[in-house]
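Note: the block below is protein10.pdb and it holds PDB, C-alpha atoms.
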ATOM      1  CA  MET B   1      13.457  17.002  -8.226
ATOM      2  CA  THR B   2      15.717  15.448  -5.607
ATOM      3  CA  THR B   3      19.232  14.675  -6.850
ATOM      4  CA  PRO B   4      20.722  11.148  -6.436
ATOM      5  CA  VAL B   5      23.221  12.457  -3.871
ATOM      6  CA  LEU B   6      20.566  14.108  -1.704
ATOM      7  CA  ARG B   7      18.325  11.019  -1.797
ATOM      8  CA  HIS B   8      20.847   9.209   0.398
ATOM      9  CA  LEU B   9      20.676  11.997   2.989
ATOM     10  CA  ILE B  10      16.908  12.392   3.267
ATOM     11  CA  GLU B  11      15.218  10.456   6.036
ATOM     12  CA  THR B  12      12.099   8.553   5.037
ATOM     13  CA  GLN B  13       9.087   9.617   7.078
ATOM     14  CA  ILE B  14       6.181   7.197   7.338
ATOM     15  CA  GLU B  15       2.752   8.499   8.248
ATOM     16  CA  GLU B  16      -0.917   7.711   7.806
ATOM     17  CA  TRP B  17      -2.556   9.820   5.111
ATOM     18  CA  ARG B  18      -5.456  11.718   6.644
ATOM     19  CA  PRO B  19      -7.138  13.805   3.930
ATOM     20  CA  ASP B  20     -10.089  14.299   6.261
ATOM     21  CA  LEU B  21      -7.763  16.466   8.350
ATOM     22  CA  ALA B  22      -6.027  18.173   5.435
ATOM     23  CA  VAL B  23      -6.880  21.558   3.983
ATOM     24  CA  ASP B  24      -6.210  22.944   0.540
ATOM     25  CA  PRO B  25      -3.696  23.165  -1.005
ATOM     26  CA  SER B  26      -2.139  20.230   0.894
ATOM     27  CA  LEU B  27      -4.776  17.749  -0.278
ATOM     28  CA  GLU B  28      -4.358  18.795  -3.899
ATOM     29  CA  ASP B  29      -0.590  18.520  -3.576
ATOM     30  CA  ASP B  30      -0.802  15.054  -2.036
ATOM     31  CA  VAL B  31      -3.185  13.753  -4.700
ATOM     32  CA  GLY B  32      -0.805  15.079  -7.340
ATOM     33  CA  MET B  33       2.163  13.293  -5.762
ATOM     34  CA  LEU B  34       0.234  10.043  -5.282
ATOM     35  CA  SER B  35      -0.798  10.225  -8.934
ATOM     36  CA  GLU B  36       2.819  10.705  -9.948
ATOM     37  CA  VAL B  37       3.869   7.624  -7.953
ATOM     38  CA  LEU B  38       1.143   5.446  -9.482
ATOM     39  CA  HIS B  39       1.863   6.721 -12.990
ATOM     40  CA  ALA B  40       5.603   6.037 -12.637
ATOM     41  CA  VAL B  41       5.030   2.575 -11.164
ATOM     42  CA  VAL B  42       2.682   1.485 -13.972
ATOM     43  CA  HIS B  43       5.057   2.777 -16.644
ATOM     44  CA  GLY B  44       7.867   0.970 -14.829
ATOM     45  CA  GLY B  45       6.155  -2.372 -15.417
ATOM     46  CA  ALA B  46       4.475  -3.086 -12.070
ATOM     47  CA  GLY B  47       1.264  -5.110 -12.088
ATOM     48  CA  VAL B  48      -1.046  -2.868 -10.060
ATOM     49  CA  SER B  49      -4.374  -3.082 -11.950
ATOM     50  CA  PHE B  50      -3.499  -0.709 -14.806
ATOM     51  CA  PHE B  51      -1.657  -0.966 -18.122
ATOM     52  CA  VAL B  52      -0.206   1.482 -20.648
ATOM     53  CA  PRO B  53      -1.277   3.745 -22.136
ATOM     54  CA  PHE B  54      -2.008   5.166 -18.687
ATOM     55  CA  SER B  55      -2.252   8.918 -18.201
ATOM     56  CA  ILE B  56      -1.625  11.050 -15.151
ATOM     57  CA  ASP B  57      -5.310  12.042 -15.303
ATOM     58  CA  GLU B  58      -6.313   8.377 -15.011
ATOM     59  CA  ALA B  59      -3.989   8.030 -12.044
ATOM     60  CA  ARG B  60      -5.542  11.088 -10.442
ATOM     61  CA  ALA B  61      -9.062   9.729 -11.007
ATOM     62  CA  PHE B  62      -8.099   6.524  -9.211
ATOM     63  CA  TRP B  63      -7.097   8.392  -6.050
ATOM     64  CA  LEU B  64     -10.020  10.794  -6.099
ATOM     65  CA  ASP B  65     -12.805   8.403  -7.120
ATOM     66  CA  LYS B  66     -11.725   5.003  -5.782
ATOM     67  CA  VAL B  67      -9.484   5.657  -2.791
ATOM     68  CA  LEU B  68     -10.309   9.020  -1.238
ATOM     69  CA  PRO B  69     -13.957   8.217  -0.328
ATOM     70  CA  GLY B  70     -12.917   5.065   1.542
ATOM     71  CA  VAL B  71     -10.084   6.820   3.344
ATOM     72  CA  ARG B  72     -12.437   9.572   4.447
ATOM     73  CA  ALA B  73     -14.983   6.988   5.600
ATOM     74  CA  ARG B  74     -12.210   5.111   7.483
ATOM     75  CA  THR B  75     -13.052   1.882   5.641
ATOM     76  CA  ARG B  76      -9.621   2.125   4.041
ATOM     77  CA  ARG B  77      -6.410   3.158   5.801
ATOM     78  CA  LEU B  78      -3.556   4.518   3.729
ATOM     79  CA  VAL B  79       0.089   5.014   4.663
ATOM     80  CA  VAL B  80       2.524   7.233   2.779
ATOM     81  CA  ALA B  81       6.298   7.552   2.752
ATOM     82  CA  ARG B  82       7.743  11.033   2.351
ATOM     83  CA  TRP B  83      11.147  12.389   1.487
ATOM     84  CA  GLY B  84      10.796  15.868   2.871
ATOM     85  CA  SER B  85       7.372  16.961   1.650
ATOM     86  CA  ARG B  86       7.401  14.659  -1.380
ATOM     87  CA  ILE B  87       5.390  11.414  -1.327
ATOM     88  CA  VAL B  88       7.539   8.591  -2.727
ATOM     89  CA  GLY B  89       5.560   5.526  -1.660
ATOM     90  CA  THR B  90       2.235   4.306  -0.338
ATOM     91  CA  VAL B  91       0.264   1.221   0.687
ATOM     92  CA  GLN B  92      -3.363   0.603   1.646
ATOM     93  CA  LEU B  93      -5.308  -1.520   4.109
ATOM     94  CA  LYS B  94      -8.875  -2.412   3.131
ATOM     95  CA  LEU B  95     -11.115  -2.775   6.185
ATOM     96  CA  ASP B  96     -14.540  -3.109   4.573
ATOM     97  CA  MET B  97     -14.941  -6.870   4.951
ATOM     98  CA  PRO B  98     -18.117  -9.014   5.102
ATOM     99  CA  PRO B  99     -19.670  -9.486   8.568
ATOM    100  CA  ASN B 100     -18.128 -12.944   8.983
ATOM    101  CA  GLN B 101     -14.625 -11.709   8.080
ATOM    102  CA  ARG B 102     -14.197  -8.685  10.310
ATOM    103  CA  HIS B 103     -11.015 -10.238  11.745
ATOM    104  CA  ARG B 104      -9.419  -9.986   8.281
ATOM    105  CA  THR B 105      -8.024  -7.128   6.239
ATOM    106  CA  GLU B 106      -6.544  -6.886   2.773
ATOM    107  CA  VAL B 107      -3.240  -5.256   1.853
ATOM    108  CA  ALA B 108      -3.402  -3.384  -1.451
ATOM    109  CA  LYS B 109      -1.391  -1.153  -3.761
ATOM    110  CA  LEU B 110       2.115  -1.198  -2.328
ATOM    111  CA  LEU B 111       3.675   1.464  -4.556
ATOM    112  CA  VAL B 112       7.176   2.905  -4.387
ATOM    113  CA  HIS B 113       8.389   5.432  -6.921
ATOM    114  CA  PRO B 114      11.276   3.983  -9.008
ATOM    115  CA  GLU B 115      13.558   6.749  -7.727
ATOM    116  CA  ALA B 116      12.968   5.651  -4.117
ATOM    117  CA  ARG B 117      13.465   1.916  -4.464
ATOM    118  CA  ARG B 118      16.137  -0.097  -2.657
ATOM    119  CA  ARG B 119      16.016   2.298   0.294
ATOM    120  CA  GLY B 120      13.813   0.186   2.589
ATOM    121  CA  VAL B 121      10.724   2.287   1.841
ATOM    122  CA  ALA B 122       8.455  -0.664   1.015
ATOM    123  CA  ARG B 123       9.433  -2.525   4.179
ATOM    124  CA  GLN B 124       8.748   0.520   6.358
ATOM    125  CA  LEU B 125       5.356   0.991   4.729
ATOM    126  CA  MET B 126       4.397  -2.626   5.343
ATOM    127  CA  MET B 127       5.488  -2.526   8.969
ATOM    128  CA  ALA B 128       3.445   0.620   9.566
ATOM    129  CA  LEU B 129       0.432  -1.026   7.943
ATOM    130  CA  GLU B 130       0.756  -3.997  10.280
ATOM    131  CA  THR B 131       0.627  -1.651  13.260
ATOM    132  CA  ILE B 132      -2.603  -0.178  11.907
ATOM    133  CA  ALA B 133      -4.056  -3.655  11.387
ATOM    134  CA  ARG B 134      -3.420  -4.437  15.047
ATOM    135  CA  SER B 135      -5.036  -1.172  16.097
ATOM    136  CA  GLU B 136      -8.098  -2.248  14.111
ATOM    137  CA  ARG B 137      -8.064  -5.635  15.907
ATOM    138  CA  ARG B 138      -7.426  -7.512  12.661
ATOM    139  CA  THR B 139      -5.593 -10.808  13.049
ATOM    140  CA  LEU B 140      -5.338 -11.942   9.422
ATOM    141  CA  LEU B 141      -3.708 -10.047   6.556
ATOM    142  CA  THR B 142      -4.170 -11.197   2.965
ATOM    143  CA  LEU B 143      -2.712  -9.968  -0.315
ATOM    144  CA  ASP B 144      -1.917 -10.974  -3.869
ATOM    145  CA  THR B 145       1.168 -10.107  -5.866
ATOM    146  CA  VAL B 146       2.461 -10.794  -9.370
ATOM    147  CA  THR B 147       4.274 -14.124  -9.259
ATOM    148  CA  GLY B 148       8.028 -13.589  -9.486
ATOM    149  CA  ASP B 149       7.736  -9.836  -8.888
ATOM    150  CA  ASN B 150      10.263  -7.994  -6.722
ATOM    151  CA  ALA B 151       7.652  -7.584  -3.987
ATOM    152  CA  GLU B 152       7.297 -11.340  -3.474
ATOM    153  CA  PRO B 153      10.626 -11.793  -1.588
ATOM    154  CA  LEU B 154       9.770  -8.773   0.552
ATOM    155  CA  TYR B 155       6.461 -10.282   1.649
ATOM    156  CA  LEU B 156       8.149 -13.605   2.400
ATOM    157  CA  SER B 157      10.763 -11.849   4.538
ATOM    158  CA  LEU B 158       7.969 -10.154   6.488
ATOM    159  CA  GLY B 159       6.395 -13.490   7.363
ATOM    160  CA  TYR B 160       3.726 -13.783   4.683
ATOM    161  CA  ILE B 161       2.933 -17.340   3.656
ATOM    162  CA  PRO B 162       2.085 -18.205   0.021
ATOM    163  CA  VAL B 163      -0.935 -20.453  -0.394
ATOM    164  CA  GLY B 164      -1.005 -20.845  -4.152
ATOM    165  CA  VAL B 165      -0.596 -19.378  -7.612
ATOM    166  CA  ILE B 166      -3.406 -18.478 -10.000
ATOM    167  CA  PRO B 167      -2.187 -18.582 -13.611
ATOM    168  CA  ARG B 168      -3.183 -15.950 -16.185
ATOM    169  CA  TYR B 169      -4.715 -13.797 -13.453
ATOM    170  CA  ALA B 170      -4.226 -10.270 -14.834
ATOM    171  CA  ARG B 171      -2.825  -8.435 -17.822
ATOM    172  CA  ALA B 172       0.727  -7.139 -17.555
ATOM    173  CA  SER B 173       1.217  -3.386 -17.471
ATOM    174  CA  LEU B 174       3.500  -3.121 -20.520
ATOM    175  CA  THR B 175       2.376  -6.059 -22.685
ATOM    176  CA  PRO B 176      -0.876  -7.929 -23.449
ATOM    177  CA  ASP B 177       0.477 -11.002 -21.639
ATOM    178  CA  LEU B 178      -1.538 -12.486 -18.793
ATOM    179  CA  GLU B 179       0.522 -12.869 -15.616
ATOM    180  CA  ALA B 180       0.126 -15.252 -12.694
ATOM    181  CA  THR B 181      -0.552 -13.996  -9.176
ATOM    182  CA  THR B 182       0.519 -15.450  -5.829
ATOM    183  CA  ILE B 183      -1.956 -15.383  -2.934
ATOM    184  CA  MET B 184      -0.369 -14.813   0.479
ATOM    185  CA  TYR B 185      -1.422 -14.343   4.088
ATOM    186  CA  LYS B 186      -0.005 -13.450   7.481
ATOM    187  CA  GLU B 187      -1.547 -14.081  10.893
ATOM    188  CA  LEU B 188      -0.955 -11.618  13.694
ATOM    189  CA  ALA B 189      -0.570 -13.178  17.138
ATOM    190  CA  PRO B 190      -3.765 -12.508  19.141
ATOM    191  CA  GLY B 191      -1.711 -11.563  22.178
ATOM    192  CA  THR B 192      -0.372  -8.471  20.430
ATOM    193  CA  LEU B 193      -3.878  -7.043  20.289
ATOM    194  CA  LEU B 194      -3.723  -6.286  24.020
ATOM    195  CA  ASP B 195      -1.259  -3.534  23.236
ATOM    196  CA  VAL B 196      -3.851  -1.545  21.289
ATOM    197  CA  LEU B 197      -7.012  -2.155  23.340
ATOM    198  CA  PRO B 198      -8.353   0.442  25.763
ATOM    199  CA  SER B 199      -7.410  -0.215  29.395
ATOM    200  CA  SER B 200     -10.944  -1.282  30.295
ATOM    201  CA  ASP B 201     -10.812  -3.993  27.615
ATOM    202  CA  LYS B 202      -7.623  -5.555  28.977
ATOM    203  CA  CYS B 203      -9.302  -6.979  32.093
TER     204      CYS B 203
END
Could you quickly redo this structure as structure tokens?
Amino acid sequence: MTTPVLRHLIETQIEEWRPDLAVDPSLEDDVGMLSEVLHAVVHGGAGVSFFVPFSIDEARAFWLDKVLPGVRARTRRLVVARWGSRIVGTVQLKLDMPPNQRHRTEVAKLLVHPEARRRGVARQLMMALETIARSERRTLLTLDTVTGDNAEPLYLSLGYIPVGVIPRYARASLTPDLEATTIMYKELAPGTLLDVLPSSDKC
């Protein structure tokens, strides 16, 4: 476990998670670390689809059964933040949209381990995800977040615009209470897409 003193000295490395390129035991190690992040976040009170009691095995099943197939199929892009070899944060971009919404993508599961918070990890993850969205020629990002949660100011600072609040949207992670969610979006300027198109497409 990284000590509090060393955490200030370790540089955060942001990278796309590519399990299709990984070989054992690296994949197993990464799934274990992702499971640890999700487990810690849920038990820390974050509203991310799960509530206590929530086991590490349930967290592992989420990554293996729900996320990994989409990442391998490239219908879901996933970014991780590492301190050394340890994964301390992650966020996902869902690309599998209906035919009439292929310009849109959905941001999901921004997770930062409690030990890595207030270090700019979440912001770096979101900025990396935006770069991927541009590379996929997506011009509209959408997301939802627990109303009043710590992530809400972050999204606002990144240019996301709230469009409304749905009351009693989902159960809280630590209590049976139903929490509201805020729906947000961000448009990417079409001109920035030229930076990621092949040369022949820029004519």
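Minimum atom-to-atom distances from B:Tyr185, B:Ser55, B:Thr145, B:Gly120 to Pro162 in chain B were compared using all atoms listed in the file, and the lowest value belongs to B:Tyr185.
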Applied to the shown file, which residues does the PyMOL selection byres ((chain B and resi 74-91) around 6) return, written as a ChimeraX atom specification?
/B:12-17,33,70-73,92-96,109-113
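Here, the PyMOL selection byres ((chain B and resi 174) around 12) matches Val41, Val42, His43, Gly44, Gly45, Ala46, Gly47, Val48, Ser49, Phe50, Phe51, Val52, Pro53, Phe54, Ala170, Arg171, Ala172, Ser173, Thr175, Pro176, Asp177, Leu178 and Glu179 of chain B.
CA of Ile183 in chain B is positioned 8.4 Å from CA of Ile161 in chain B.
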By how many Å are CA of Ala59 in chain B and CA of Leu34 in chain B apart?
8.2 Å
Residue nearest Glu106 in chain B - candidates B:Arg168, B:His39, B:Arg119, B:Arg138, atoms counted: all atoms listed in the file
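Answer, going by the shortest atom-to-atom distance: B:Arg138.
Closest approach to Ala122 in chain B among B:Val107, B:Leu141, B:Ala151, B:Met97 is made by B:Ala151 (distances from all atoms listed in the file).
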Determine the nearest neighbour of Ala116 in chain B from the options B:Leu21, B:Val37, B:Leu140, B:Leu27, counting all atoms listed in the file.
B:Val37
Write out as JSON an axis-aligned box for range 138-157 of chain B: all of its atoms listed in the file, 4 Å added on each side, centre and edge lengths in Å with one decimal.
{"center_x": 1.7, "center_y": -10.8, "center_z": 1.8, "size_x": 26.2, "size_y": 14.6, "size_z": 30.5}
Which one of B:Ser35, B:Asn100, B:Thr142, B:Thr147 sits closest to Tyr160 in chain B if you count all atoms listed in the file?
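Ranked by minimum distance to Tyr160 in chain B, first place goes to B:Thr142.
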